[in-house]
$ cat input11.cif   # mmCIF, C-alpha atoms and all ligand atoms
data_coords
#
loop_
_atom_site.label_atom_id
_atom_site.label_comp_id
_atom_site.auth_asym_id
_atom_site.auth_seq_id
_atom_site.Cartn_x
_atom_site.Cartn_y
_atom_site.Cartn_z
CA MET K 1 136.84 18.33 -26.85
CA SER K 2 134.27 20.48 -25.04
CA THR K 3 136.73 23.39 -25.00
CA ILE K 4 136.66 23.68 -28.79
CA SER K 5 134.16 26.37 -29.64
CA ALA K 6 132.64 27.07 -33.03
CA SER K 7 131.81 30.65 -32.09
CA GLY K 8 133.60 33.71 -33.46
CA THR K 9 136.40 35.97 -32.31
CA ASP K 10 135.34 35.89 -28.63
CA VAL K 11 137.06 32.55 -27.93
CA PRO K 12 139.43 33.01 -24.98
CA PRO K 13 142.96 32.47 -26.36
CA ALA K 14 143.71 29.69 -23.87
CA GLU K 15 140.88 27.60 -25.29
CA VAL K 16 142.11 27.59 -28.86
CA PRO K 17 143.96 24.35 -29.65
CA ASP K 18 147.18 24.25 -31.64
CA TYR K 19 146.73 23.26 -35.29
CA PRO K 20 147.64 19.57 -35.24
CA MET K 21 149.79 18.53 -38.17
CA THR K 22 151.87 15.63 -36.92
CA ARG K 23 150.44 12.22 -37.65
CA ALA K 24 150.06 9.87 -34.68
CA ALA K 25 152.79 7.30 -33.98
CA GLY K 26 151.88 4.00 -35.62
CA CYS K 27 149.36 5.67 -38.00
CA PRO K 28 151.63 7.30 -40.57
CA PHE K 29 148.96 7.44 -43.28
CA ASP K 30 146.17 9.02 -41.24
CA PRO K 31 145.57 12.70 -40.44
CA PRO K 32 146.02 13.54 -36.73
CA PRO K 33 143.13 12.13 -34.62
CA THR K 34 142.25 15.65 -33.37
CA LEU K 35 141.23 16.58 -36.90
CA HIS K 36 138.70 13.72 -36.92
CA THR K 37 137.25 14.97 -33.65
CA LEU K 38 137.05 18.53 -34.95
CA GLN K 39 135.34 17.36 -38.14
CA GLU K 40 132.67 15.63 -36.05
CA GLN K 41 132.24 18.18 -33.26
CA ALA K 42 133.36 21.62 -34.42
CA PRO K 43 133.91 21.49 -38.19
CA ILE K 44 134.63 25.23 -38.46
CA SER K 45 136.56 26.37 -35.41
CA ARG K 46 139.65 28.32 -34.46
CA VAL K 47 143.16 26.91 -34.19
CA ARG K 48 146.42 28.41 -33.07
CA LEU K 49 149.37 28.59 -35.47
CA TRP K 50 153.13 28.82 -34.78
CA ASP K 51 152.97 32.66 -34.62
CA GLY K 52 150.10 32.74 -32.11
CA SER K 53 147.49 33.73 -34.73
CA THR K 54 144.10 31.98 -34.54
CA PRO K 55 142.62 31.52 -38.03
CA TRP K 56 139.57 29.39 -38.76
CA LEU K 57 140.13 25.72 -39.50
CA VAL K 58 137.63 24.11 -41.87
CA THR K 59 137.53 20.30 -41.79
CA ARG K 60 134.45 19.03 -43.67
CA TYR K 61 134.85 18.12 -47.33
CA GLU K 62 131.84 20.12 -48.54
CA ASP K 63 132.88 23.27 -46.64
CA VAL K 64 136.49 22.97 -47.87
CA ARG K 65 135.32 22.78 -51.49
CA THR K 66 132.75 25.53 -51.09
CA LEU K 67 135.29 27.96 -49.63
CA LEU K 68 138.06 27.06 -52.09
CA ALA K 69 135.66 28.05 -54.90
CA ASP K 70 134.42 31.23 -53.17
CA PRO K 71 135.70 34.45 -54.80
CA ARG K 72 135.44 36.17 -51.40
CA ILE K 73 138.36 33.99 -50.24
CA SER K 74 141.83 35.30 -51.09
CA SER K 75 145.18 33.52 -51.59
CA GLU K 76 147.14 36.76 -51.28
CA SER K 77 150.04 35.99 -48.97
CA THR K 78 150.95 39.66 -48.40
CA HIS K 79 147.71 40.13 -46.44
CA PRO K 80 148.60 40.84 -42.77
CA HIS K 81 146.35 37.98 -41.55
CA TYR K 82 147.45 35.38 -44.12
CA PRO K 83 147.99 32.19 -42.08
CA HIS K 84 151.55 31.21 -43.06
CA GLN K 85 152.69 27.61 -42.56
CA SER K 86 155.98 28.44 -40.88
CA PRO K 87 158.48 31.31 -40.47
CA ALA K 88 160.38 29.88 -43.47
CA THR K 89 157.33 29.86 -45.75
CA LYS K 90 156.49 33.42 -44.70
CA GLU K 91 160.00 34.55 -45.64
CA ARG K 92 159.97 32.67 -48.94
CA ARG K 93 156.57 34.08 -49.94
CA ARG K 94 157.81 37.61 -49.14
CA GLN K 95 160.92 37.18 -51.26
CA SER K 96 159.57 35.21 -54.19
CA ARG K 97 156.00 36.13 -55.17
CA THR K 98 154.38 33.50 -57.38
CA PHE K 99 150.86 33.08 -58.70
CA ILE K 100 149.98 30.33 -56.18
CA THR K 101 149.60 33.09 -53.58
CA MET K 102 148.08 35.81 -55.79
CA ASP K 103 144.45 36.57 -56.64
CA ASP K 104 142.89 37.14 -60.04
CA PRO K 105 143.41 39.00 -62.29
CA GLU K 106 147.19 38.87 -61.54
CA HIS K 107 147.03 35.13 -60.82
CA ALA K 108 145.12 34.37 -64.03
CA ARG K 109 147.47 36.53 -66.14
CA LEU K 110 150.52 34.56 -65.00
CA ARG K 111 148.90 31.10 -64.85
CA ARG K 112 147.57 31.48 -68.42
CA MET K 113 151.15 31.79 -69.68
CA VAL K 114 151.91 28.19 -68.69
CA THR K 115 148.56 26.36 -68.84
CA ALA K 116 149.02 24.99 -72.38
CA THR K 117 152.17 23.07 -71.36
CA PHE K 118 150.27 21.24 -68.61
CA ALA K 119 147.05 20.62 -70.57
CA ILE K 120 145.91 16.98 -70.66
CA LYS K 121 146.58 16.52 -74.40
CA GLN K 122 150.10 17.96 -74.20
CA VAL K 123 150.95 15.89 -71.15
CA GLU K 124 149.54 12.66 -72.61
CA ALA K 125 152.06 13.07 -75.44
CA LEU K 126 154.80 12.82 -72.80
CA ARG K 127 153.62 9.40 -71.57
CA PRO K 128 156.18 7.41 -73.66
CA THR K 129 159.00 9.68 -72.38
CA VAL K 130 157.86 9.15 -68.79
CA GLN K 131 157.63 5.38 -69.41
CA LYS K 132 161.22 5.35 -70.69
CA ILE K 133 162.48 7.32 -67.68
CA VAL K 134 160.69 4.89 -65.32
CA ASP K 135 161.98 1.80 -67.17
CA ASP K 136 165.56 3.09 -67.29
CA LEU K 137 165.57 3.85 -63.57
CA ILE K 138 164.15 0.40 -62.77
CA ASP K 139 166.82 -1.22 -65.02
CA ALA K 140 169.54 0.68 -63.14
CA MET K 141 168.04 -0.27 -59.78
CA LEU K 142 167.81 -3.97 -60.70
CA ALA K 143 171.39 -3.95 -61.97
CA GLY K 144 172.75 -2.32 -58.80
CA PRO K 145 173.28 -3.48 -55.22
CA LYS K 146 170.41 -4.06 -52.81
CA PRO K 147 168.91 -2.95 -50.53
CA VAL K 148 168.44 0.44 -52.10
CA ASP K 149 166.80 3.70 -50.99
CA LEU K 150 163.78 3.97 -53.28
CA VAL K 151 163.58 7.74 -52.71
CA GLN K 152 167.05 8.43 -54.14
CA ALA K 153 167.05 5.65 -56.75
CA PHE K 154 163.56 6.16 -58.13
CA ALA K 155 160.93 8.36 -56.44
CA LEU K 156 162.90 11.60 -56.68
CA PRO K 157 164.58 11.15 -60.10
CA VAL K 158 161.33 10.29 -61.96
CA PRO K 159 159.55 13.66 -61.47
CA SER K 160 162.84 15.57 -61.33
CA LEU K 161 163.95 14.30 -64.76
CA VAL K 162 160.50 14.99 -66.22
CA ILE K 163 160.17 18.57 -64.92
CA CYS K 164 163.78 19.37 -65.91
CA ALA K 165 163.10 18.26 -69.49
CA LEU K 166 159.85 20.23 -69.62
CA LEU K 167 161.34 23.42 -68.20
CA GLY K 168 164.76 23.17 -69.84
CA VAL K 169 166.65 22.98 -66.51
CA PRO K 170 169.86 20.87 -66.64
CA TYR K 171 169.26 17.72 -64.58
CA ALA K 172 172.99 17.66 -63.82
CA ASP K 173 172.26 20.48 -61.33
CA HIS K 174 169.79 18.33 -59.37
CA ASP K 175 171.86 18.14 -56.17
CA PHE K 176 171.82 21.95 -56.01
CA PHE K 177 168.14 22.59 -56.69
CA GLN K 178 166.85 19.58 -54.76
CA ALA K 179 168.79 20.60 -51.63
CA ASN K 180 167.43 24.16 -51.79
CA SER K 181 163.88 23.15 -52.58
CA ARG K 182 163.96 20.58 -49.73
CA LEU K 183 164.81 23.41 -47.33
CA LEU K 184 161.91 25.49 -48.61
CA VAL K 185 159.27 22.84 -47.92
CA LYS K 186 160.47 22.09 -44.37
CA ARG K 187 158.71 23.75 -41.43
CA THR K 188 161.86 23.68 -39.28
CA THR K 189 163.89 25.75 -41.76
CA THR K 190 164.82 29.15 -40.29
CA PRO K 191 163.88 32.39 -42.11
CA GLU K 192 167.61 32.99 -42.73
CA GLN K 193 168.01 29.58 -44.37
CA ALA K 194 164.83 30.15 -46.40
CA ARG K 195 166.10 33.56 -47.54
CA ALA K 196 169.42 32.10 -48.65
CA ALA K 197 167.81 29.14 -50.44
CA THR K 198 165.29 31.38 -52.21
CA GLN K 199 168.07 33.75 -53.28
CA GLN K 200 170.19 30.89 -54.63
CA LEU K 201 167.26 29.50 -56.63
CA THR K 202 166.32 32.98 -57.90
CA ASP K 203 169.89 33.64 -59.10
CA TYR K 204 170.02 30.19 -60.71
CA LEU K 205 166.71 30.58 -62.55
CA ASP K 206 167.58 34.15 -63.55
CA ARG K 207 170.81 32.86 -65.12
CA LEU K 208 168.90 30.17 -67.00
CA ILE K 209 166.36 32.72 -68.29
CA GLY K 210 169.31 34.82 -69.45
CA ASP K 211 170.74 31.80 -71.32
CA LYS K 212 167.35 31.08 -72.93
CA LEU K 213 167.02 34.73 -73.97
CA ALA K 214 170.34 34.43 -75.79
CA HIS K 215 169.90 30.87 -77.09
CA PRO K 216 166.23 29.76 -77.03
CA THR K 217 165.54 26.01 -77.03
CA ASP K 218 162.31 24.04 -77.17
CA ASP K 219 161.23 24.22 -73.52
CA LEU K 220 159.05 26.18 -71.11
CA LEU K 221 161.78 28.48 -69.76
CA SER K 222 162.58 29.52 -73.35
CA ALA K 223 158.87 30.24 -73.91
CA LEU K 224 158.87 32.39 -70.75
CA ALA K 225 162.06 34.12 -71.92
CA GLY K 226 160.21 34.88 -75.19
CA ARG K 227 157.47 36.60 -73.17
CA VAL K 228 160.14 38.59 -71.31
CA ARG K 229 161.52 39.71 -74.67
CA GLY K 230 158.00 40.64 -75.79
CA GLY K 231 157.47 42.77 -72.66
CA GLU K 232 154.61 40.61 -71.26
CA LEU K 233 156.57 39.38 -68.27
CA SER K 234 159.42 40.80 -66.20
CA ARG K 235 162.59 38.76 -65.89
CA HIS K 236 162.03 38.55 -62.12
CA GLU K 237 158.48 37.20 -62.65
CA ALA K 238 159.85 34.61 -65.10
CA ALA K 239 162.49 33.43 -62.61
CA ASN K 240 159.88 33.20 -59.83
CA MET K 241 157.58 31.19 -62.07
CA GLY K 242 160.51 28.87 -62.82
CA ILE K 243 161.10 28.33 -59.09
CA LEU K 244 157.42 27.56 -58.46
CA LEU K 245 157.26 25.02 -61.29
CA LEU K 246 160.59 23.41 -60.43
CA ILE K 247 159.72 22.91 -56.74
CA ALA K 248 156.05 21.97 -57.27
CA GLY K 249 157.04 19.71 -60.16
CA HIS K 250 159.22 17.31 -58.20
CA GLU K 251 158.69 17.65 -54.41
CA THR K 252 155.04 16.60 -54.52
CA THR K 253 155.15 13.74 -57.02
CA ALA K 254 158.34 12.30 -55.47
CA ASN K 255 156.60 12.05 -52.10
CA MET K 256 153.54 10.46 -53.69
CA ILE K 257 155.72 7.78 -55.31
CA ALA K 258 157.62 6.86 -52.13
CA LEU K 259 154.78 7.18 -49.60
CA GLY K 260 152.32 5.53 -52.00
CA THR K 261 154.70 2.59 -52.44
CA LEU K 262 154.96 2.24 -48.67
CA ALA K 263 151.17 2.42 -48.30
CA LEU K 264 150.73 -0.36 -50.86
CA LEU K 265 153.42 -2.53 -49.27
CA GLN K 266 151.61 -2.09 -45.94
CA HIS K 267 148.26 -3.05 -47.55
CA PRO K 268 149.21 -6.30 -49.33
CA ASP K 269 145.58 -7.13 -50.24
CA GLN K 270 145.34 -3.87 -52.21
CA LEU K 271 148.76 -4.35 -53.80
CA ALA K 272 147.70 -7.85 -54.88
CA ARG K 273 144.64 -6.40 -56.65
CA LEU K 274 146.86 -3.93 -58.49
CA ARG K 275 149.43 -6.58 -59.43
CA ALA K 276 146.76 -8.98 -60.69
CA SER K 277 145.47 -6.49 -63.23
CA ASP K 278 146.85 -4.49 -66.12
CA ASP K 279 143.57 -2.60 -66.54
CA PRO K 280 144.47 1.11 -66.99
CA LYS K 281 141.21 1.98 -65.21
CA LEU K 282 142.34 0.17 -62.04
CA ILE K 283 145.76 1.82 -62.24
CA ALA K 284 144.13 5.25 -62.61
CA SER K 285 141.78 4.50 -59.72
CA THR K 286 144.73 3.39 -57.55
CA VAL K 287 146.43 6.72 -58.22
CA GLU K 288 143.30 8.71 -57.28
CA GLU K 289 142.78 6.62 -54.15
CA LEU K 290 146.39 7.07 -53.01
CA LEU K 291 146.13 10.82 -53.68
CA ARG K 292 142.97 10.95 -51.52
CA TYR K 293 144.14 8.58 -48.80
CA LEU K 294 147.59 10.17 -48.35
CA THR K 295 146.80 13.85 -49.22
CA ILE K 296 150.50 14.69 -48.99
CA VAL K 297 149.96 18.47 -49.32
CA HIS K 298 148.61 18.12 -45.81
CA SER K 299 149.14 21.46 -44.12
CA GLY K 300 145.82 22.93 -45.27
CA ARG K 301 145.18 25.43 -48.03
CA ARG K 302 145.88 28.89 -46.62
CA ARG K 303 143.49 31.78 -47.30
CA VAL K 304 142.09 35.11 -46.01
CA ALA K 305 138.40 36.15 -46.09
CA LEU K 306 137.79 39.33 -48.10
CA ALA K 307 134.19 39.74 -46.89
CA ASP K 308 132.00 38.37 -44.11
CA ILE K 309 131.10 34.78 -45.03
CA GLU K 310 128.31 32.77 -43.35
CA ILE K 311 129.04 29.08 -43.43
CA GLY K 312 128.06 26.13 -41.24
CA GLY K 313 126.47 28.40 -38.60
CA VAL K 314 129.65 30.48 -38.26
CA THR K 315 130.52 33.94 -39.56
CA ILE K 316 134.04 34.24 -40.90
CA HIS K 317 134.71 37.97 -40.81
CA ALA K 318 136.46 39.98 -43.51
CA GLY K 319 140.21 39.99 -42.87
CA GLU K 320 140.30 36.73 -40.90
CA GLY K 321 142.64 33.90 -41.84
CA VAL K 322 141.24 30.54 -42.96
CA VAL K 323 142.93 27.12 -43.18
CA LEU K 324 141.08 24.65 -45.41
CA ALA K 325 142.14 21.20 -44.25
CA ASN K 326 142.00 19.14 -47.43
CA ASP K 327 143.65 16.13 -45.72
CA ILE K 328 140.81 15.54 -43.27
CA GLY K 329 138.32 16.72 -45.93
CA ASN K 330 139.44 13.73 -47.99
CA ARG K 331 138.58 11.47 -45.02
CA ASP K 332 135.05 12.87 -44.57
CA PRO K 333 132.55 9.96 -44.43
CA ALA K 334 129.91 12.25 -45.97
CA ALA K 335 131.98 12.34 -49.19
CA PHE K 336 133.83 9.00 -49.10
CA PRO K 337 132.13 5.99 -47.47
CA ASP K 338 134.41 4.17 -45.03
CA PRO K 339 137.03 6.89 -45.65
CA ASP K 340 139.88 5.45 -43.58
CA ARG K 341 140.02 2.29 -45.70
CA LEU K 342 142.44 2.21 -48.64
CA ASP K 343 140.45 0.77 -51.55
CA VAL K 344 142.27 0.88 -54.89
CA ALA K 345 139.03 0.31 -56.83
CA ARG K 346 137.21 3.28 -55.26
CA ASN K 347 138.12 5.84 -57.98
CA PRO K 348 137.46 8.95 -55.84
CA ARG K 349 138.04 11.53 -58.60
CA HIS K 350 136.23 14.22 -56.55
CA HIS K 351 138.99 14.30 -53.89
CA VAL K 352 140.65 17.61 -52.97
CA ALA K 353 144.28 16.40 -52.87
CA PHE K 354 144.99 18.81 -55.76
CA GLY K 355 142.95 21.58 -54.11
CA PHE K 356 139.87 23.05 -55.82
CA GLY K 357 138.80 26.29 -57.50
CA VAL K 358 141.02 28.69 -59.43
CA HIS K 359 144.21 27.53 -57.69
CA GLN K 360 143.55 23.83 -58.31
CA CYS K 361 146.88 22.19 -59.15
CA LEU K 362 148.17 23.28 -62.53
CA GLY K 363 150.39 20.20 -62.79
CA GLN K 364 147.75 17.58 -62.01
CA PRO K 365 147.61 16.08 -65.52
CA LEU K 366 151.40 15.65 -65.39
CA ALA K 367 151.34 14.22 -61.84
CA ARG K 368 148.62 11.76 -62.92
CA VAL K 369 150.59 10.54 -65.95
CA GLU K 370 153.77 10.12 -63.86
CA LEU K 371 151.97 8.27 -61.08
CA GLN K 372 149.99 6.07 -63.47
CA VAL K 373 153.19 5.03 -65.25
CA VAL K 374 154.95 4.38 -61.93
CA TYR K 375 152.12 2.40 -60.34
CA GLY K 376 151.51 0.49 -63.57
CA THR K 377 155.19 -0.46 -63.92
CA LEU K 378 157.10 -0.75 -60.62
CA TYR K 379 155.24 -3.68 -58.99
CA ARG K 380 154.92 -5.52 -62.31
CA ARG K 381 158.65 -5.28 -63.03
CA VAL K 382 159.76 -5.80 -59.43
CA PRO K 383 157.13 -8.23 -58.14
CA ALA K 384 159.13 -9.16 -55.04
CA LEU K 385 159.61 -5.53 -53.95
CA ARG K 386 159.50 -5.29 -50.15
CA LEU K 387 160.75 -3.18 -47.25
CA ALA K 388 164.35 -3.81 -46.26
CA VAL K 389 163.88 -2.42 -42.72
CA ASP K 390 161.34 -2.61 -39.96
CA PRO K 391 158.50 -0.11 -40.71
CA ASP K 392 159.27 1.62 -37.36
CA ARG K 393 162.64 2.70 -38.75
CA ILE K 394 161.26 4.64 -41.71
CA PRO K 395 161.86 8.41 -41.30
CA PHE K 396 158.62 10.28 -42.01
CA LYS K 397 158.47 13.95 -43.02
CA HIS K 398 156.57 15.09 -39.95
CA ASP K 399 158.32 18.45 -40.31
CA GLY K 400 157.36 18.99 -43.95
CA ASN K 401 154.71 21.13 -45.64
CA VAL K 402 154.54 18.20 -48.02
CA TYR K 403 154.26 14.83 -46.27
CA GLY K 404 156.26 11.76 -47.26
CA VAL K 405 159.33 9.77 -46.26
CA TYR K 406 162.96 10.90 -46.25
CA ALA K 407 164.15 7.41 -47.21
CA LEU K 408 162.54 4.09 -48.11
CA PRO K 409 165.01 1.17 -47.96
CA VAL K 410 163.68 -1.64 -50.17
CA THR K 411 164.88 -4.93 -51.54
CA TRP K 412 163.42 -7.68 -53.79
C1 LIG L 501 151.02 14.40 -56.68
C2 LIG L 501 151.50 15.53 -57.01
C3 LIG L 501 150.90 16.89 -56.66
C4 LIG L 501 150.08 17.26 -55.65
C5 LIG L 501 149.48 16.40 -54.54
C6 LIG L 501 149.84 18.69 -55.81
C7 LIG L 501 149.01 19.45 -55.00
C8 LIG L 501 148.69 20.76 -55.22
C9 LIG L 501 147.73 21.51 -54.46
C10 LIG L 501 146.94 21.00 -53.26
C11 LIG L 501 147.63 22.76 -55.00
C12 LIG L 501 146.68 23.87 -54.58
C13 LIG L 501 147.32 25.00 -53.85
C14 LIG L 501 146.32 25.97 -53.25
O1 LIG L 501 145.12 25.86 -53.44
O2 LIG L 501 146.76 26.84 -52.50
C15 LIG L 501 148.58 22.82 -56.10
C16 LIG L 501 148.81 23.93 -56.88
C17 LIG L 501 149.79 23.97 -57.85
N1 LIG L 501 150.53 22.92 -58.34
FE1 LIG L 501 150.48 21.01 -57.69
N2 LIG L 501 150.54 19.14 -56.90
C18 LIG L 501 151.19 18.06 -57.45
C19 LIG L 501 152.00 18.07 -58.58
C20 LIG L 501 152.33 19.18 -59.30
C21 LIG L 501 153.19 19.18 -60.46
C22 LIG L 501 153.83 17.93 -61.11
C23 LIG L 501 153.30 20.46 -60.87
C24 LIG L 501 154.07 20.90 -62.08
C25 LIG L 501 154.75 21.91 -62.22
C26 LIG L 501 152.49 21.28 -59.97
C27 LIG L 501 152.31 22.66 -60.04
C28 LIG L 501 151.39 23.39 -59.29
C29 LIG L 501 151.19 24.82 -59.46
C30 LIG L 501 151.93 25.74 -60.43
C31 LIG L 501 150.17 25.19 -58.56
C32 LIG L 501 149.57 26.57 -58.36
C33 LIG L 501 148.30 26.70 -59.13
C34 LIG L 501 147.62 28.05 -58.96
O3 LIG L 501 147.82 28.73 -57.96
O4 LIG L 501 146.87 28.43 -59.88
N3 LIG L 501 151.91 20.46 -59.03
N4 LIG L 501 149.19 21.58 -56.23
#

$ encode --input "input11.cif" --output "structure tokens"
Amino acid sequence: MSTISASGTDVPPAEVPDYPMTRAAGCPFDPPPTLHTLQEQAPISRVRLWDGSTPWLVTRYEDVRTLLADPRISSESTHPHYPHQSPATKERRRQSRTFITMDDPEHARLRRMVTATFAIKQVEALRPTVQKIVDDLIDAMLAGPKPVDLVQAFALPVPSLVICALLGVPYADHDFFQANSRLLVKRTTTPEQARAATQQLTDYLDRLIGDKLAHPTDDLLSALAGRVRGGELSRHEAANMGILLLIAGHETTANMIALGTLALLQHPDQLARLRASDDPKLIASTVEELLRYLTIVHSGRRRVALADIEIGGVTIHAGEGVVLANDIGNRDPAAFPDPDRLDVARNPRHHVAFGFGVHQCLGQPLARVELQVVYGTLYRRVPALRLAVDPDRIPFKHDGNVYGVYALPVTW
């Protein structure tokens, strides 16, 4: 690792390592080993991305949090040095601007329009609805043939049904929007495919906003349509916000359900602790620990420095790209003792799996309720749940901006 330098822009290009994102064979739950080495030896250093750019990579927990909360760090994806995840993400961000890649005050103006829906109190009121969705899906699974793919039968429908109800999107269209959103979170998607998928989703959401303008119902898209009518929001902004919420609302949580289930099945001692208890505190702690341990939004938070920033003996210059690696940050021994051990009783609420600062996940109260209901129900109702294939045959999303599994064959 002696070639990795923590100095500034004078690093010879040949010495800058590629940004490692693929998890090592046989260690599907752990960040790539190179990230561990960087965290120990060169915690703020340059990496090379797919387009040849060499932004800073920040790997220590404390530095990740500090920079995510720093107003001199921008999320603006139109900046020429914004470190995009892939050609597809770059194209999608260009075509569909949403507040996740905007700075305040524009970001705050748009985010404020939807915060009430995702506030803890509002979301807690949805807990019985989420419980019913989870119970119904488990009933259907138990009544059907086995083995079954847990992703299709359970992990994907739970958050998809919930976000559809909240937004007022017809769940009957799930094949359409899931296929397009899957393309948009894959690094191997071409810009042309990303453009087409974004356009299809934009047209779809625009049509729905049109319907809600004509016939408002009791859902978030109707509330956004109301703001369009009142002149606070353009119809295009409303459709883009719908796309952001629809994709973020099911891609992430679905992966947490499937990958988290696999992680528990592969750590039977931890699963036994969860099964032996119906203490809501242990269930909540299990959810936080799985969020930390798996950090499925694993491709680093992407930012640009707006001013020179001194941190960890390095100067990040104004205009330089920055990647804040929250996955390895969540495995920093300075923040989480024995960080590579899954410990369902740890309750690591200070993790950065939902990010940190003004862009911290808007949907986290909803994700928490969904995951708490799932982890408090699935293994209790299906105590014999187990893998139906050899673990080596499970297809991991090594090519995804969100990590997870494409399928999880299980039986009981
Ligand atoms: C386990 C599930 C989830 C994980 C791990 C997750 C993770 C994240 C992360 C890391 C960010 C920060 C992005 C950044 O700093 O650049 C984020 C932002 C966001 N998330 Fe989530 N998320 C989850 C579920 C959800 C759900 C259910 C929704 C509901 C719609 C949602 C909506 C959003 C939105 C709108 C933002 C942008 C916030 C902003 O820019 O102000 N997420 N999420």

$ residues_near_ligand --input "input11.cif" --ligand "ligand LIG 501 (chain L)" --cutoff "7 Å" --atoms "all atoms listed in the file" --output "PyMOL selection string"
chain K and resi 75+99-101+107+111+163+244-246+248-250+252-253+256+291+295-297+301-302+353-356+358-364+366-367

$ atom_distance --input "input11.cif" --atom1 "CA of Asp149 in chain K" --atom2 "CA of Cys27 in chain K"
21.8 Å

$ closest_residue --input "input11.cif" --among "K:Thr117, K:Thr217, K:Ser181, K:Ser299" --to "Thr59 in chain K" --atoms "only C-alpha atoms"
K:Ser299

$ closest_residue --input "input11.cif" --among "K:Val389, K:Ala334, K:Ala345, K:Ala172" --to "Arg273 in chain K" --atoms "all atoms listed in the file"
K:Ala345

$ atom_distance --input "input11.cif" --atom1 "CA of Glu91 in chain K" --atom2 "CA of Leu35 in chain K"
27.4 Å

$ closest_residue --input "input11.cif" --among "K:Gln266, K:Thr286, K:Gln200, K:Thr22" --to "Asp390 in chain K" --atoms "all atoms listed in the file"
K:Gln266

$ atom_distance --input "input11.cif" --atom1 "CA of Arg303 in chain K" --atom2 "CA of Ser74 in chain K"
5.4 Å

$ closest_residue --input "input11.cif" --among "K:His298, K:Tyr375, K:Gly210, K:Asp218" --to "Asp278 in chain K" --atoms "all atoms listed in the file"
K:Tyr375

$ closest_residue --input "input11.cif" --among "K:Pro395, K:Gly231, K:Pro43, K:Pro80" --to "Gly321 in chain K" --atoms "only C-alpha atoms"
K:Pro80

$ closest_residue --input "input11.cif" --among "K:Asp63, K:Asp338, K:Asp327, K:Asp70" --to "Tyr293 in chain K" --atoms "only C-alpha atoms"
K:Asp327
